[in-house]
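Asks: The structure file upload.txt (compact mmCIF, C-alpha atoms and all ligand atoms) is provided below.
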```txt
# COMPACT_ATOMS: atom_id res chain seq x y z
CA ALA A 127 0.00 0.00 0.00
CA LYS A 128 1.05 3.57 -0.68
CA VAL A 129 0.34 5.76 2.33
CA TYR A 130 0.59 9.50 3.11
CA LYS A 131 1.88 10.00 6.63
CA TYR A 132 1.22 13.37 8.24
CA ILE A 133 4.70 14.03 9.61
CA LYS A 134 4.90 17.75 10.40
CA GLN A 135 2.23 20.05 11.85
CA PHE A 136 0.63 22.47 9.36
CA GLU A 137 1.70 26.07 9.70
CA GLY A 138 -0.05 28.43 7.31
CA GLU A 139 -0.54 26.95 3.86
CA PRO A 140 0.02 23.19 3.59
CA ASP A 141 3.42 22.21 2.28
CA ARG A 142 4.73 18.97 0.78
CA SER A 143 7.03 18.67 3.79
CA ASN A 144 3.97 18.11 6.00
CA PHE A 145 3.67 14.67 4.38
CA LYS A 146 5.78 11.67 3.57
CA ILE A 147 4.64 8.97 1.16
CA ILE A 148 5.66 5.50 2.29
CA GLU A 149 5.21 1.96 0.97
CA GLU A 150 3.62 -0.36 3.51
CA GLU A 151 3.74 -4.17 3.29
CA LEU A 152 0.30 -5.54 4.07
CA PRO A 153 -0.08 -8.95 5.75
CA GLU A 154 -2.43 -11.72 4.55
CA ILE A 155 -6.04 -10.99 5.52
CA LYS A 156 -7.44 -12.97 8.45
CA ASN A 157 -10.93 -14.38 8.96
CA GLY A 158 -13.44 -11.50 9.23
CA GLU A 159 -11.20 -9.11 7.28
CA PHE A 160 -11.15 -7.78 3.73
CA LEU A 161 -8.70 -5.88 1.54
CA ALA A 162 -9.99 -2.73 -0.15
CA GLU A 163 -8.39 -0.79 -3.00
CA ALA A 164 -9.07 2.95 -3.21
CA THR A 165 -10.78 4.20 -6.38
CA PHE A 166 -11.66 7.78 -5.35
CA LEU A 167 -10.33 9.75 -2.39
CA SER A 168 -11.77 12.89 -0.89
CA VAL A 169 -9.88 16.07 -0.07
CA ASP A 170 -11.80 18.28 2.36
CA PRO A 171 -11.15 21.51 4.27
CA TYR A 172 -11.62 19.81 7.66
CA MET A 173 -8.38 17.89 7.00
CA LYS A 174 -6.52 21.18 7.33
CA ALA A 175 -8.28 22.15 10.55
CA HIS A 176 -8.17 18.67 12.14
CA PRO A 177 -5.49 16.58 10.42
CA GLY A 178 -5.18 14.11 13.27
CA PRO A 179 -2.02 13.22 15.20
CA VAL A 180 1.42 13.85 13.71
CA GLY A 181 3.07 10.59 12.61
CA GLU A 182 -0.22 8.92 11.65
CA THR A 183 -1.80 8.22 8.26
CA MET A 184 -3.42 11.41 6.93
CA LEU A 185 -7.12 11.02 7.63
CA GLY A 186 -9.83 11.03 5.02
CA THR A 187 -12.67 9.17 3.38
CA GLN A 188 -12.46 7.10 0.20
CA VAL A 189 -14.54 4.99 -2.14
CA ALA A 190 -12.83 1.61 -2.40
CA LYS A 191 -13.38 -1.74 -4.06
CA VAL A 192 -13.13 -4.95 -2.07
CA ILE A 193 -10.48 -7.05 -3.83
CA GLU A 194 -9.99 -9.88 -1.28
CA SER A 195 -12.39 -10.91 1.43
CA LYS A 196 -12.92 -13.23 4.35
CA ASN A 197 -15.90 -11.20 5.54
CA PRO A 198 -19.32 -12.07 4.06
CA LYS A 199 -20.64 -8.54 4.67
CA PHE A 200 -17.97 -7.12 2.34
CA PRO A 201 -17.63 -9.58 -0.59
CA VAL A 202 -15.12 -9.20 -3.43
CA GLY A 203 -16.25 -6.63 -5.99
CA LYS A 204 -18.33 -4.52 -3.56
CA LEU A 205 -17.83 -0.77 -3.58
CA ILE A 206 -17.61 0.69 -0.12
CA VAL A 207 -17.09 4.03 1.61
CA GLY A 208 -14.50 4.02 4.39
CA GLY A 209 -12.59 6.47 6.52
CA PHE A 210 -9.31 4.71 5.76
CA GLY A 211 -7.22 7.85 5.23
CA TRP A 212 -4.90 8.75 2.37
CA ARG A 213 -3.85 5.23 1.34
CA THR A 214 -4.25 3.00 -1.69
CA HIS A 215 -4.92 -0.33 0.06
CA THR A 216 -6.48 -1.06 3.42
CA ILE A 217 -7.18 -4.16 5.46
CA SER A 218 -10.34 -3.74 7.52
CA ASN A 219 -12.73 -5.86 9.53
CA GLY A 220 -15.59 -3.47 8.77
CA GLU A 221 -15.93 -2.45 12.40
CA GLU A 222 -13.34 0.33 12.80
CA GLU A 223 -14.95 3.63 13.75
CA ALA A 224 -13.56 6.56 11.77
CA PHE A 225 -14.64 10.22 11.89
CA LEU A 226 -17.81 9.36 9.93
CA GLY A 227 -18.48 5.95 11.44
CA LYS A 228 -17.80 2.44 10.19
CA PRO A 229 -17.20 1.47 6.54
CA TYR A 230 -20.47 1.05 4.62
CA THR A 231 -21.54 -0.42 1.30
CA LEU A 232 -22.20 2.18 -1.36
CA PRO A 233 -25.96 2.52 -1.91
CA ASP A 234 -27.13 1.80 -5.48
CA PHE A 235 -26.65 5.06 -7.42
CA GLY A 236 -27.73 3.60 -10.77
CA ASP A 237 -25.76 5.28 -13.56
CA LEU A 238 -24.23 7.91 -11.29
CA SER A 239 -20.51 7.87 -10.52
CA PRO A 240 -19.49 6.16 -7.25
CA SER A 241 -17.34 9.23 -6.55
CA LEU A 242 -20.54 11.08 -5.65
CA ALA A 243 -20.47 9.15 -2.36
CA LEU A 244 -17.76 11.63 -1.37
CA GLY A 245 -19.79 14.66 -2.50
CA VAL A 246 -23.43 15.34 -3.17
CA LEU A 247 -24.37 11.77 -2.11
CA GLY A 248 -22.07 11.70 0.88
CA MET A 249 -20.72 13.89 3.66
CA PRO A 250 -20.93 17.31 1.92
CA GLY A 251 -24.44 16.57 0.60
CA ASN A 252 -25.59 15.52 4.05
CA THR A 253 -23.96 18.58 5.58
CA ALA A 254 -26.04 20.75 3.26
CA TYR A 255 -29.17 18.67 3.81
CA PHE A 256 -29.15 18.44 7.62
CA GLY A 257 -27.27 21.68 8.26
CA PHE A 258 -29.56 23.82 6.21
CA LEU A 259 -32.95 22.12 6.58
CA GLU A 260 -32.78 21.06 10.22
CA ARG A 261 -31.11 24.18 11.53
CA SER A 262 -32.55 27.01 9.47
CA LYS A 263 -36.10 25.60 8.93
CA PRO A 264 -36.40 27.74 5.78
CA LYS A 265 -39.69 29.31 4.73
CA SER A 266 -40.66 30.13 1.17
CA GLY A 267 -39.86 33.73 0.28
CA GLU A 268 -37.06 34.11 2.82
CA THR A 269 -33.65 35.41 1.82
CA VAL A 270 -30.77 32.98 2.28
CA VAL A 271 -27.09 33.85 1.93
CA VAL A 272 -24.51 31.09 1.53
CA SER A 273 -20.75 31.66 1.58
CA GLY A 274 -18.29 29.23 0.04
CA ALA A 275 -21.16 29.00 -2.42
CA ALA A 276 -19.44 27.22 -5.30
CA GLY A 277 -17.93 24.53 -3.08
CA ALA A 278 -19.09 21.01 -2.32
CA VAL A 279 -21.41 22.04 0.53
CA GLY A 280 -22.35 25.59 -0.51
CA SER A 281 -23.48 24.69 -4.04
CA ILE A 282 -25.90 22.13 -2.59
CA VAL A 283 -27.18 24.39 0.22
CA GLY A 284 -28.17 27.03 -2.34
CA GLN A 285 -30.03 24.54 -4.49
CA ILE A 286 -31.92 23.09 -1.52
CA ALA A 287 -32.86 26.65 -0.57
CA LYS A 288 -34.22 27.16 -4.11
CA ILE A 289 -36.25 23.94 -3.81
CA LYS A 290 -37.73 25.45 -0.62
CA GLY A 291 -38.69 28.64 -2.47
CA CYS A 292 -36.10 30.98 -0.97
CA ASN A 293 -34.34 33.94 -2.54
CA VAL A 294 -30.75 32.68 -2.70
CA ILE A 295 -27.58 34.76 -2.74
CA GLY A 296 -24.20 33.06 -3.03
CA ILE A 297 -20.78 34.47 -2.19
CA ALA A 298 -17.86 32.92 -4.09
CA GLY A 299 -14.34 33.69 -5.27
CA SER A 300 -14.52 34.10 -9.07
CA ASP A 301 -16.77 35.32 -11.88
CA GLU A 302 -16.79 31.83 -13.42
CA LYS A 303 -18.07 30.38 -10.15
CA ALA A 304 -20.68 33.14 -9.85
CA LYS A 305 -21.90 32.54 -13.41
CA TRP A 306 -22.15 28.79 -12.83
CA LEU A 307 -24.19 29.30 -9.67
CA VAL A 308 -26.65 31.73 -11.27
CA ASN A 309 -26.89 30.31 -14.81
CA GLU A 310 -26.64 26.58 -14.13
CA LEU A 311 -27.74 26.06 -10.53
CA GLY A 312 -30.47 28.70 -10.34
CA PHE A 313 -29.07 30.94 -7.57
CA ASP A 314 -30.78 34.35 -7.74
CA HIS A 315 -27.51 36.27 -7.29
CA CYS A 316 -23.87 35.62 -6.61
CA ILE A 317 -21.32 38.08 -5.24
CA ASN A 318 -17.64 37.68 -6.17
CA TYR A 319 -16.00 38.61 -2.87
CA LYS A 320 -12.63 39.07 -4.56
CA SER A 321 -13.77 41.73 -7.03
CA GLN A 322 -16.93 43.20 -5.49
CA ASN A 323 -17.78 44.99 -2.26
CA VAL A 324 -19.86 42.43 -0.40
CA HIS A 325 -21.60 45.04 1.78
CA GLU A 326 -22.69 47.22 -1.14
CA GLU A 327 -23.79 44.25 -3.24
CA LEU A 328 -25.82 42.77 -0.39
CA SER A 329 -27.62 46.12 0.07
CA LYS A 330 -28.61 45.90 -3.60
CA VAL A 331 -29.61 42.24 -3.89
CA ALA A 332 -31.04 41.79 -0.37
CA PRO A 333 -32.75 45.13 0.28
CA ARG A 334 -35.12 43.52 2.81
CA GLY A 335 -32.28 41.88 4.73
CA VAL A 336 -31.10 38.31 5.24
CA ASP A 337 -33.15 35.70 7.13
CA CYS A 338 -30.70 32.84 7.04
CA TYR A 339 -26.93 32.77 6.62
CA PHE A 340 -25.17 29.45 5.92
CA ASP A 341 -21.58 30.23 6.86
CA ASN A 342 -18.83 28.12 5.32
CA VAL A 343 -16.04 30.68 5.55
CA ALA A 344 -16.07 32.86 8.76
CA GLY A 345 -13.86 35.98 8.94
CA GLU A 346 -14.51 39.24 7.12
CA ILE A 347 -17.20 37.95 4.75
CA SER A 348 -19.26 36.70 7.67
CA ASP A 349 -18.80 39.94 9.60
CA THR A 350 -20.27 41.76 6.63
CA VAL A 351 -23.19 39.38 6.13
CA LEU A 352 -24.12 39.65 9.81
CA LYS A 353 -24.70 43.39 9.38
CA HIS A 354 -27.53 42.51 6.99
CA MET A 355 -29.32 39.99 9.20
CA ASN A 356 -33.01 40.50 9.91
CA LEU A 357 -34.56 40.28 13.36
CA SER A 358 -34.65 36.64 14.55
CA GLY A 359 -32.37 35.57 11.70
CA ARG A 360 -30.60 32.21 11.79
CA VAL A 361 -26.91 31.62 11.22
CA ILE A 362 -25.52 28.14 10.60
CA ALA A 363 -21.84 28.09 11.50
CA CYS A 364 -20.62 25.23 9.33
CA GLY A 365 -17.02 26.04 8.50
CA ALA A 366 -14.22 28.60 8.39
CA SER A 367 -12.59 28.22 4.96
CA SER A 368 -11.19 31.76 5.05
CA GLN A 369 -9.18 30.91 8.17
CA TYR A 370 -7.71 27.46 7.62
CA ASN A 371 -4.51 28.70 5.96
CA ASN A 372 -4.01 31.56 8.46
CA THR A 373 -1.60 31.32 11.33
CA ASN A 374 -3.62 33.89 13.32
CA THR A 375 -7.14 32.63 12.92
CA ILE A 376 -10.03 35.04 13.47
CA TYR A 377 -13.35 33.53 14.41
CA GLY A 378 -16.29 35.05 16.18
CA TYR A 379 -19.43 36.97 15.33
CA ASN A 380 -20.26 40.51 16.36
CA GLN A 381 -22.03 40.10 19.71
CA THR A 382 -23.87 43.42 19.44
CA ILE A 383 -25.57 42.30 16.24
CA ILE A 384 -26.41 38.90 17.73
CA VAL A 385 -28.01 40.62 20.73
CA PHE A 386 -29.95 43.40 19.01
CA GLN A 387 -31.11 41.29 16.06
CA GLN A 388 -31.87 38.37 18.41
CA LEU A 389 -30.08 35.95 16.12
CA SER A 390 -29.92 32.19 16.57
CA ILE A 391 -26.43 30.84 15.89
CA TYR A 392 -26.18 27.09 15.32
CA GLY A 393 -22.84 25.33 15.41
CA PHE A 394 -23.12 22.41 13.02
CA ALA A 395 -21.11 19.18 12.97
CA ILE A 396 -22.06 16.44 10.53
CA ASN A 397 -20.98 13.55 12.78
CA ARG A 398 -24.05 14.30 14.93
CA TRP A 399 -26.24 13.06 12.03
CA LEU A 400 -24.73 9.61 11.37
CA ASP A 401 -27.90 7.83 12.51
CA ARG A 402 -29.90 9.57 9.74
CA TRP A 403 -27.18 9.20 7.07
CA LEU A 404 -29.18 7.25 4.49
CA GLU A 405 -32.21 9.52 4.76
CA GLY A 406 -30.09 12.43 3.48
CA ILE A 407 -28.44 10.37 0.74
CA VAL A 408 -31.74 8.96 -0.53
CA GLN A 409 -33.33 12.43 -0.71
CA MET A 410 -30.29 13.96 -2.39
CA ALA A 411 -30.16 11.08 -4.93
CA GLU A 412 -33.84 11.66 -5.74
CA TRP A 413 -33.26 15.38 -6.29
CA VAL A 414 -30.21 14.64 -8.46
CA LYS A 415 -32.18 12.15 -10.59
CA GLN A 416 -35.05 14.66 -10.93
CA GLY A 417 -32.58 17.31 -12.07
CA LYS A 418 -33.47 19.53 -9.10
CA VAL A 419 -29.96 19.33 -7.67
CA LYS A 420 -26.96 19.59 -10.00
CA TYR A 421 -23.40 18.86 -9.03
CA HIS A 422 -19.90 19.36 -10.30
CA GLU A 423 -16.71 17.54 -9.40
CA THR A 424 -13.16 18.78 -9.76
CA VAL A 425 -11.27 15.54 -10.35
CA THR A 426 -7.49 15.25 -9.96
CA ASP A 427 -5.90 12.16 -11.50
CA GLY A 428 -3.49 10.02 -9.54
CA PHE A 429 -2.87 9.11 -5.91
CA ASP A 430 0.53 10.81 -6.16
CA ASN A 431 -1.31 14.11 -6.69
CA MET A 432 -3.30 14.03 -3.41
CA PHE A 433 -1.26 16.91 -2.02
CA GLU A 434 -1.87 19.14 -5.08
CA ALA A 435 -5.59 18.37 -5.01
CA PHE A 436 -5.74 19.25 -1.31
CA ALA A 437 -3.74 22.49 -1.56
CA ASN A 438 -5.61 23.62 -4.68
CA MET A 439 -8.98 23.02 -3.05
CA LEU A 440 -8.00 25.12 -0.04
CA ASN A 441 -7.04 27.90 -2.46
CA GLY A 442 -10.37 27.77 -4.30
CA ALA A 443 -9.30 25.98 -7.49
CA ASN A 444 -12.25 23.61 -7.16
CA VAL A 445 -15.77 24.02 -8.46
CA GLY A 446 -18.07 21.75 -6.48
CA LYS A 447 -16.49 18.71 -4.86
CA ALA A 448 -12.73 18.11 -5.05
CA VAL A 449 -11.85 14.41 -5.44
CA VAL A 450 -8.84 12.35 -6.47
CA LYS A 451 -9.20 9.44 -8.89
CA VAL A 452 -6.67 6.69 -8.40
P1 LIG A 501 -15.24 23.74 -0.58
O1 LIG A 501 -15.54 22.86 -1.75
O2 LIG A 501 -16.12 24.93 -0.34
O3 LIG A 501 -13.71 24.18 -0.71
C1 LIG A 501 -13.15 25.20 0.04
C2 LIG A 501 -13.47 26.58 -0.59
O4 LIG A 501 -13.13 27.60 0.33
C3 LIG A 501 -12.63 26.91 -1.82
O5 LIG A 501 -13.16 26.37 -2.99
C4 LIG A 501 -12.66 28.44 -1.82
O6 LIG A 501 -13.65 28.93 -2.72
C5 LIG A 501 -13.06 28.79 -0.38
N1 LIG A 501 -12.08 29.68 0.24
C6 LIG A 501 -10.75 29.50 0.33
N2 LIG A 501 -10.17 30.57 0.92
C7 LIG A 501 -11.19 31.43 1.19
C8 LIG A 501 -11.24 32.74 1.77
N3 LIG A 501 -10.14 33.35 2.22
N4 LIG A 501 -12.45 33.35 1.88
C9 LIG A 501 -13.57 32.74 1.45
N5 LIG A 501 -13.57 31.52 0.87
C10 LIG A 501 -12.40 30.88 0.75
O7 LIG A 501 -15.25 22.89 0.74
P2 LIG A 501 -16.51 22.10 1.36
O8 LIG A 501 -17.74 22.47 0.63
O9 LIG A 501 -16.14 20.70 1.50
O10 LIG A 501 -16.60 22.72 2.82
C11 LIG A 501 -17.09 24.04 3.00
C12 LIG A 501 -16.96 24.44 4.46
O11 LIG A 501 -17.81 23.60 5.25
C13 LIG A 501 -15.55 24.25 5.01
O12 LIG A 501 -15.26 25.32 5.87
C14 LIG A 501 -15.63 22.95 5.76
O13 LIG A 501 -14.70 22.88 6.81
C15 LIG A 501 -17.06 23.01 6.26
N6 LIG A 501 -17.64 21.70 6.54
C16 LIG A 501 -18.14 21.51 7.79
C17 LIG A 501 -18.77 20.36 8.13
C18 LIG A 501 -19.34 20.24 9.47
O14 LIG A 501 -19.78 19.18 9.87
N7 LIG A 501 -19.38 21.33 10.24
C19 LIG A 501 -18.86 19.24 7.17
C20 LIG A 501 -18.35 19.56 5.84
C21 LIG A 501 -17.75 20.74 5.56
P3 LIG A 501 -13.65 30.46 -3.29
O15 LIG A 501 -13.11 30.39 -4.68
O16 LIG A 501 -15.07 30.84 -3.23
O17 LIG A 501 -12.76 31.27 -2.39
```
Would you write out, as C-alpha cells, the structure that this file holds?

Replies:
Amino acid sequence: AKVYKYIKQFEGEPDRSNFKIIEEELPEIKNGEFLAEATFLSVDPYMKAHPGPVGETMLGTQVAKVIESKNPKFPVGKLIVGGFGWRTHTISNGEEEAFLGKPYTLPDFGDLSPSLALGVLGMPGNTAYFGFLERSKPKSGETVVVSGAAGAVGSIVGQIAKIKGCNVIGIAGSDEKAKWLVNELGFDHCINYKSQNVHEELSKVAPRGVDCYFDNVAGEISDTVLKHMNLSGRVIACGASSQYNNTNTIYGYNQTIIVFQQLSIYGFAINRWLDRWLEGIVQMAEWVKQGKVKYHETVTDGFDNMFEAFANMLNGANVGKAVVKV
C-alpha cells in the first residue's frame, strides 16, 4: 500500500514537507477481514483544521473496491465508503470507527458515478441537507445567503434553498463560479467577494435583509453578512474556509448584532447526524435524478497528486467537490 503519513504540523498553507509517502507491506487478511483498493479519495477543508495526530496516516474518506475478502458482509467486488485515510490499500474488519463511522456499502446510485459518495451523495451533501434544513427551517420567500457557495457544501445548500422557495444569494471567489451558480444552478444572485464589495452588493440584492446565513467561511465575509441579518435571523456556523490557511485565525461573530437582532447561531457538525445518514443520501439522490440538484466535481488524477488536489482546493481551485481518482 502507498500511504501519506502526516509528519509535520501544518503552519499556514500546507506544504509537501507536511507529508511523507511511504510503501507499507500488508499482511495476509485474516478471517473477518477484507482488503480494499481505493478508487476515489476525498480532499476536504476539515483535514486542514483537524489533520489528526502527527506521525499517523493522513485522515480522510475514500470509495474503495473490495479485492480480497474473508468477511461475508464485504464480498469481493463490492464498492464501499470508508474512513481509511490517504492510502491505496487497506485491510479492515468493517468495524473500525472513523470520523464518519464504520465502513459502509455504497448505496445503489444507478448510472451515477461512485465518486458522488464523497460529494453530493455523501458527507458534503448531508452537511447541506441536515445543516440547512434542520437548523434554518427555511420558509418560502425568505432570503438565504450562503458563503463558500461554489464549493461542495455551498453549491448544494443554495439549491436546496431554491427547492424550498427561498431567494438565494451566493458568495464565491470568481466570476466563473458566480456565473455557474446563477446560470446553471439557479441561484438568484452571486457576489464575487474578490472583485466586489460584499456590503454594497448585499444592500442591492437583499434590500429587505437576510433571514438565514449558511456560513462556510467565517472571517470578514461573515462579519459583513451579519450586518444585513433580519430580526430573529438564523446563522448556521458550518465552517471557516477563510481561516484554515491563516496562522492567526479570526473567528467570532459581532455580539452586538447577535443581541440586538436576536439571532440564533447554530454550530453544526455532521458527525451528529450519522444515525440519519441514508435519509439524506436517498433524498439527495432523488433530487439529483429529478434534475433539481446539480453537481460538479473537480477531479485530480493520480494518488501521487493528493497533495496538489488538497492544496488547490484550499485555495479555491475547485468548483463543487474536489476528489482524487486513483
Ligand atoms: P469547498 O468545496 O467549499 O472548498 C473550500 C473553498 O473555500 C474553496 O473552494 C474556496 O472557494 C473557499 N475559500 C478559500 N479561501 C477562502 C477565503 N479566504 N475566503 C472565502 N472563501 C475561501 O469545501 P466544502 O464544501 O467541502 O466545505 C465548506 C466548508 O464547510 C468548510 O469550511 C468545511 O470545513 C465546512 N464543513 C463543515 C462540516 C461540518 O460538519 N461542520 C462538514 C463539511 C464541511 P472560493 O473560490 O469561493 O474562495

Asks: Using all atoms listed in the file, tabulate the residues of chain A lying at most 7 Å from any atom of ligand LIG 501 (chain A), each with its closest atom pair and that distance in Å to one decimal, by chain and increasing residue number, as a Markdown table.

Replies:
```
| residue | atom | partner | partner_atom | distance |
| --- | --- | --- | --- | --- |
| A:Asp170 | CA | A:LIG501 | O9 | 5.0 |
| A:Pro171 | CA | A:LIG501 | O13 | 4.6 |
| A:Tyr172 | CA | A:LIG501 | O13 | 4.4 |
| A:Met249 | CA | A:LIG501 | C20 | 6.5 |
| A:Pro250 | CA | A:LIG501 | C20 | 5.2 |
| A:Thr253 | CA | A:LIG501 | C19 | 5.4 |
| A:Gly274 | CA | A:LIG501 | O2 | 4.8 |
| A:Ala275 | CA | A:LIG501 | O16 | 6.4 |
| A:Ala276 | CA | A:LIG501 | O16 | 6.0 |
| A:Gly277 | CA | A:LIG501 | O1 | 3.2 |
| A:Ala278 | CA | A:LIG501 | O8 | 3.6 |
| A:Val279 | CA | A:LIG501 | O8 | 3.7 |
| A:Gly280 | CA | A:LIG501 | O8 | 5.7 |
| A:Ile297 | CA | A:LIG501 | O16 | 6.8 |
| A:Ala298 | CA | A:LIG501 | O16 | 3.6 |
| A:Gly299 | CA | A:LIG501 | O15 | 3.6 |
| A:Ser300 | CA | A:LIG501 | O15 | 5.9 |
| A:Asn342 | CA | A:LIG501 | C12 | 4.2 |
| A:Val343 | CA | A:LIG501 | C9 | 5.2 |
| A:Cys364 | CA | A:LIG501 | N7 | 4.2 |
| A:Gly365 | CA | A:LIG501 | O12 | 3.2 |
| A:Ala366 | CA | A:LIG501 | O12 | 4.3 |
| A:Ser367 | CA | A:LIG501 | O12 | 4.0 |
| A:Ser368 | CA | A:LIG501 | N3 | 3.4 |
| A:Gln369 | CA | A:LIG501 | N3 | 6.5 |
| A:Phe394 | CA | A:LIG501 | N7 | 4.8 |
| A:Ala395 | CA | A:LIG501 | O14 | 3.4 |
| A:Ile396 | CA | A:LIG501 | O14 | 3.6 |
| A:Asn397 | CA | A:LIG501 | O14 | 6.5 |
| A:Met439 | CA | A:LIG501 | O5 | 5.4 |
| A:Leu440 | CA | A:LIG501 | C1 | 5.2 |
| A:Asn441 | CA | A:LIG501 | C6 | 4.9 |
| A:Gly442 | CA | A:LIG501 | O5 | 3.4 |
| A:Ala443 | CA | A:LIG501 | O5 | 5.9 |
| A:Asn444 | CA | A:LIG501 | O5 | 5.1 |
| A:Val445 | CA | A:LIG501 | O5 | 6.5 |
| A:Gly446 | CA | A:LIG501 | O1 | 5.5 |
| A:Lys447 | CA | A:LIG501 | O1 | 5.3 |
| A:Ala448 | CA | A:LIG501 | O1 | 6.4 |
```

Asks: Pick from A:Gly158, A:Gly257, A:Gly345, A:Gly251: nearest to A:Ile391, with all atoms listed in the file counted?

Replies: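 Comparing A:Gly158, A:Gly257, A:Gly345, A:Gly251 against A:Ile391, the winner is A:Gly257.
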
Asks: Calculated over all atoms listed in the file, which of the candidates A:Val324, A:Val246, A:Leu404, A:Val192 has the smallest distance to A:Tyr421?

Replies: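 For A:Tyr421, the nearest of the given residues is A:Val246.
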
Asks: If I wrap all listed atoms of stretch 169-183 of chain A in a box with edges along x, y and z and add 8 Å on each side, what are its centre and edge lengths in Å to one decimal, as AutoDock Vina command-line options?

Replies:
```
--center_x -4.4 --center_y 15.2 --center_z 7.6 --size_x 30.9 --size_y 29.9 --size_z 31.3
```

Asks: How many Å lie between atom CA of A:Lys146 and atom CA of A:Met432, rounded to one decimal?

Replies: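 Interatomic distance here is 11.7 Å.
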
Asks: Please determine, counting all atoms listed in the file, which residue among A:Ser168, A:Gln388, A:Thr214, A:Ser241 has the shortest atom-to-atom distance to A:Tyr130.

Replies: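 Closest residue, counting all atoms listed in the file: A:Thr214.
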
Asks: Just the residues within 8 Å of A:Phe166, please, counting all atoms listed in the file, with nothing from its chain fewer than 3 positions along; format it as a count of residues only.

Replies: 8

Asks: Can you list, as a list in words, every protein, DNA or RNA residue that comes within 12 Å of A:Pro153 when you count all atoms listed in the file, leaving out same-chain residues fewer than 2 positions away?

Replies: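 Answer for this query is Ala127, Glu150, Glu151, Ile155, Lys156, Glu159, Phe160, Leu161, His215, Thr216, Ile217 and Ser218 of chain A.
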
Asks: Dump C-alpha atoms for the selected residues as an mmCIF file, keeping the file's coordinate frame?

Replies:
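Saved to part-v4.cif:
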```cif
data_model
loop_
_atom_site.group_PDB
_atom_site.id
_atom_site.type_symbol
_atom_site.label_atom_id
_atom_site.label_comp_id
_atom_site.auth_asym_id
_atom_site.auth_seq_id
_atom_site.Cartn_x
_atom_site.Cartn_y
_atom_site.Cartn_z
ATOM 1 C CA ALA A 127 0.000 0.000 0.000
ATOM 2 C CA GLU A 150 3.620 -0.360 3.510
ATOM 3 C CA GLU A 151 3.740 -4.170 3.290
ATOM 4 C CA ILE A 155 -6.040 -10.990 5.520
ATOM 5 C CA LYS A 156 -7.440 -12.970 8.450
ATOM 6 C CA GLU A 159 -11.200 -9.110 7.280
ATOM 7 C CA PHE A 160 -11.150 -7.780 3.730
ATOM 8 C CA LEU A 161 -8.700 -5.880 1.540
ATOM 9 C CA HIS A 215 -4.920 -0.330 0.060
ATOM 10 C CA THR A 216 -6.480 -1.060 3.420
ATOM 11 C CA ILE A 217 -7.180 -4.160 5.460
ATOM 12 C CA SER A 218 -10.340 -3.740 7.520
#
```

Asks: Which residue is closest to A:Glu163? Choose from A:Arg213, A:Arg142, A:His176, A:Lys418 and count only C-alpha atoms.

Replies: A:Arg213

Asks: Measure the distance from atom CA of A:Trp413 to atom CA of A:Gly245 in Å and round it to one decimal.

Replies: 14.0 Å

Asks: Report as a PyMOL selection string all protein, DNA and RNA residues lying within 12 Å of A:Met173, evaluated on all atoms listed in the file, omitting residues in the same chain fewer than 2 positions from it.

Replies: chain A and resi 132+135-136+140+168-171+175-179+183-187+211-212+225+365+367+370-371+433+436-437+439-440

Asks: What are the closest atom pairs, with distances in Å to one decimal, for each residue of stretch 337-430 of chain A lying within 12 Å of stretch 305-308 of chain A, using all atoms listed in the file, rows by chain and rising residue number, as JSON lines?

Replies:
```
{"residue": "A:Val419", "atom": "CA", "partner": "A:Leu307", "partner_atom": "CA", "distance": 11.7}
{"residue": "A:Lys420", "atom": "CA", "partner": "A:Leu307", "partner_atom": "CA", "distance": 10.1}
{"residue": "A:Tyr421", "atom": "CA", "partner": "A:Leu307", "partner_atom": "CA", "distance": 10.5}
{"residue": "A:His422", "atom": "CA", "partner": "A:Trp306", "partner_atom": "CA", "distance": 10.0}
```

Asks: Could you take the residues named above and write them with C-alpha atoms, as a PDB file, in the coordinates of the input?

Replies:
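Generated file (part_15.pdb):
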```
ATOM      1  CA  VAL A 419     -29.960  19.330  -7.670  1.00  0.00           C
ATOM      2  CA  LYS A 420     -26.960  19.590 -10.000  1.00  0.00           C
ATOM      3  CA  TYR A 421     -23.400  18.860  -9.030  1.00  0.00           C
ATOM      4  CA  HIS A 422     -19.900  19.360 -10.300  1.00  0.00           C
TER       5      HIS A 422
END
```

Asks: Just want the 7 Å neighbourhood of A:Val271, counted on all atoms listed in the file, with same-chain residues fewer than 3 positions away dropped. Output as a short mmCIF file (atom, residue, chain, number, x, y, z; two decimals) with C-alpha atoms, keeping the file's coordinate frame.

Replies:
```
data_model
loop_
_atom_site.label_atom_id
_atom_site.label_comp_id
_atom_site.auth_asym_id
_atom_site.auth_seq_id
_atom_site.Cartn_x
_atom_site.Cartn_y
_atom_site.Cartn_z
CA VAL A 294 -30.75 32.68 -2.70
CA ILE A 295 -27.58 34.76 -2.74
CA GLY A 296 -24.20 33.06 -3.03
CA VAL A 336 -31.10 38.31 5.24
CA CYS A 338 -30.70 32.84 7.04
CA TYR A 339 -26.93 32.77 6.62
CA PHE A 340 -25.17 29.45 5.92
#
```

Asks: For atom CA of A:His325 and atom CA of A:Met355, quote the distance in Å rounded to one decimal.

Replies: 11.8 Å

Asks: Within 8 Å of (-34.0, 23.3, 1.6) (coordinates as in the file), grab all the protein and nucleic acid residues, counting only C-alpha atoms, and write them out as a PyMOL selection string.

Replies: chain A and resi 255+258-259+263-264+283-290

Asks: Please produce an output containing C-alpha atoms for each residue in the selection, written as a PDB file, in the coordinates of the input.

Replies:
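Here's the written file again.pdb:
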```pdb
ATOM      1  CA  TYR A 255     -29.170  18.670   3.810  1.00  0.00           C
ATOM      2  CA  PHE A 258     -29.560  23.820   6.210  1.00  0.00           C
ATOM      3  CA  LEU A 259     -32.950  22.120   6.580  1.00  0.00           C
ATOM      4  CA  LYS A 263     -36.100  25.600   8.930  1.00  0.00           C
ATOM      5  CA  PRO A 264     -36.400  27.740   5.780  1.00  0.00           C
ATOM      6  CA  VAL A 283     -27.180  24.390   0.220  1.00  0.00           C
ATOM      7  CA  GLY A 284     -28.170  27.030  -2.340  1.00  0.00           C
ATOM      8  CA  GLN A 285     -30.030  24.540  -4.490  1.00  0.00           C
ATOM      9  CA  ILE A 286     -31.920  23.090  -1.520  1.00  0.00           C
ATOM     10  CA  ALA A 287     -32.860  26.650  -0.570  1.00  0.00           C
ATOM     11  CA  LYS A 288     -34.220  27.160  -4.110  1.00  0.00           C
ATOM     12  CA  ILE A 289     -36.250  23.940  -3.810  1.00  0.00           C
ATOM     13  CA  LYS A 290     -37.730  25.450  -0.620  1.00  0.00           C
TER      14      LYS A 290
END
```
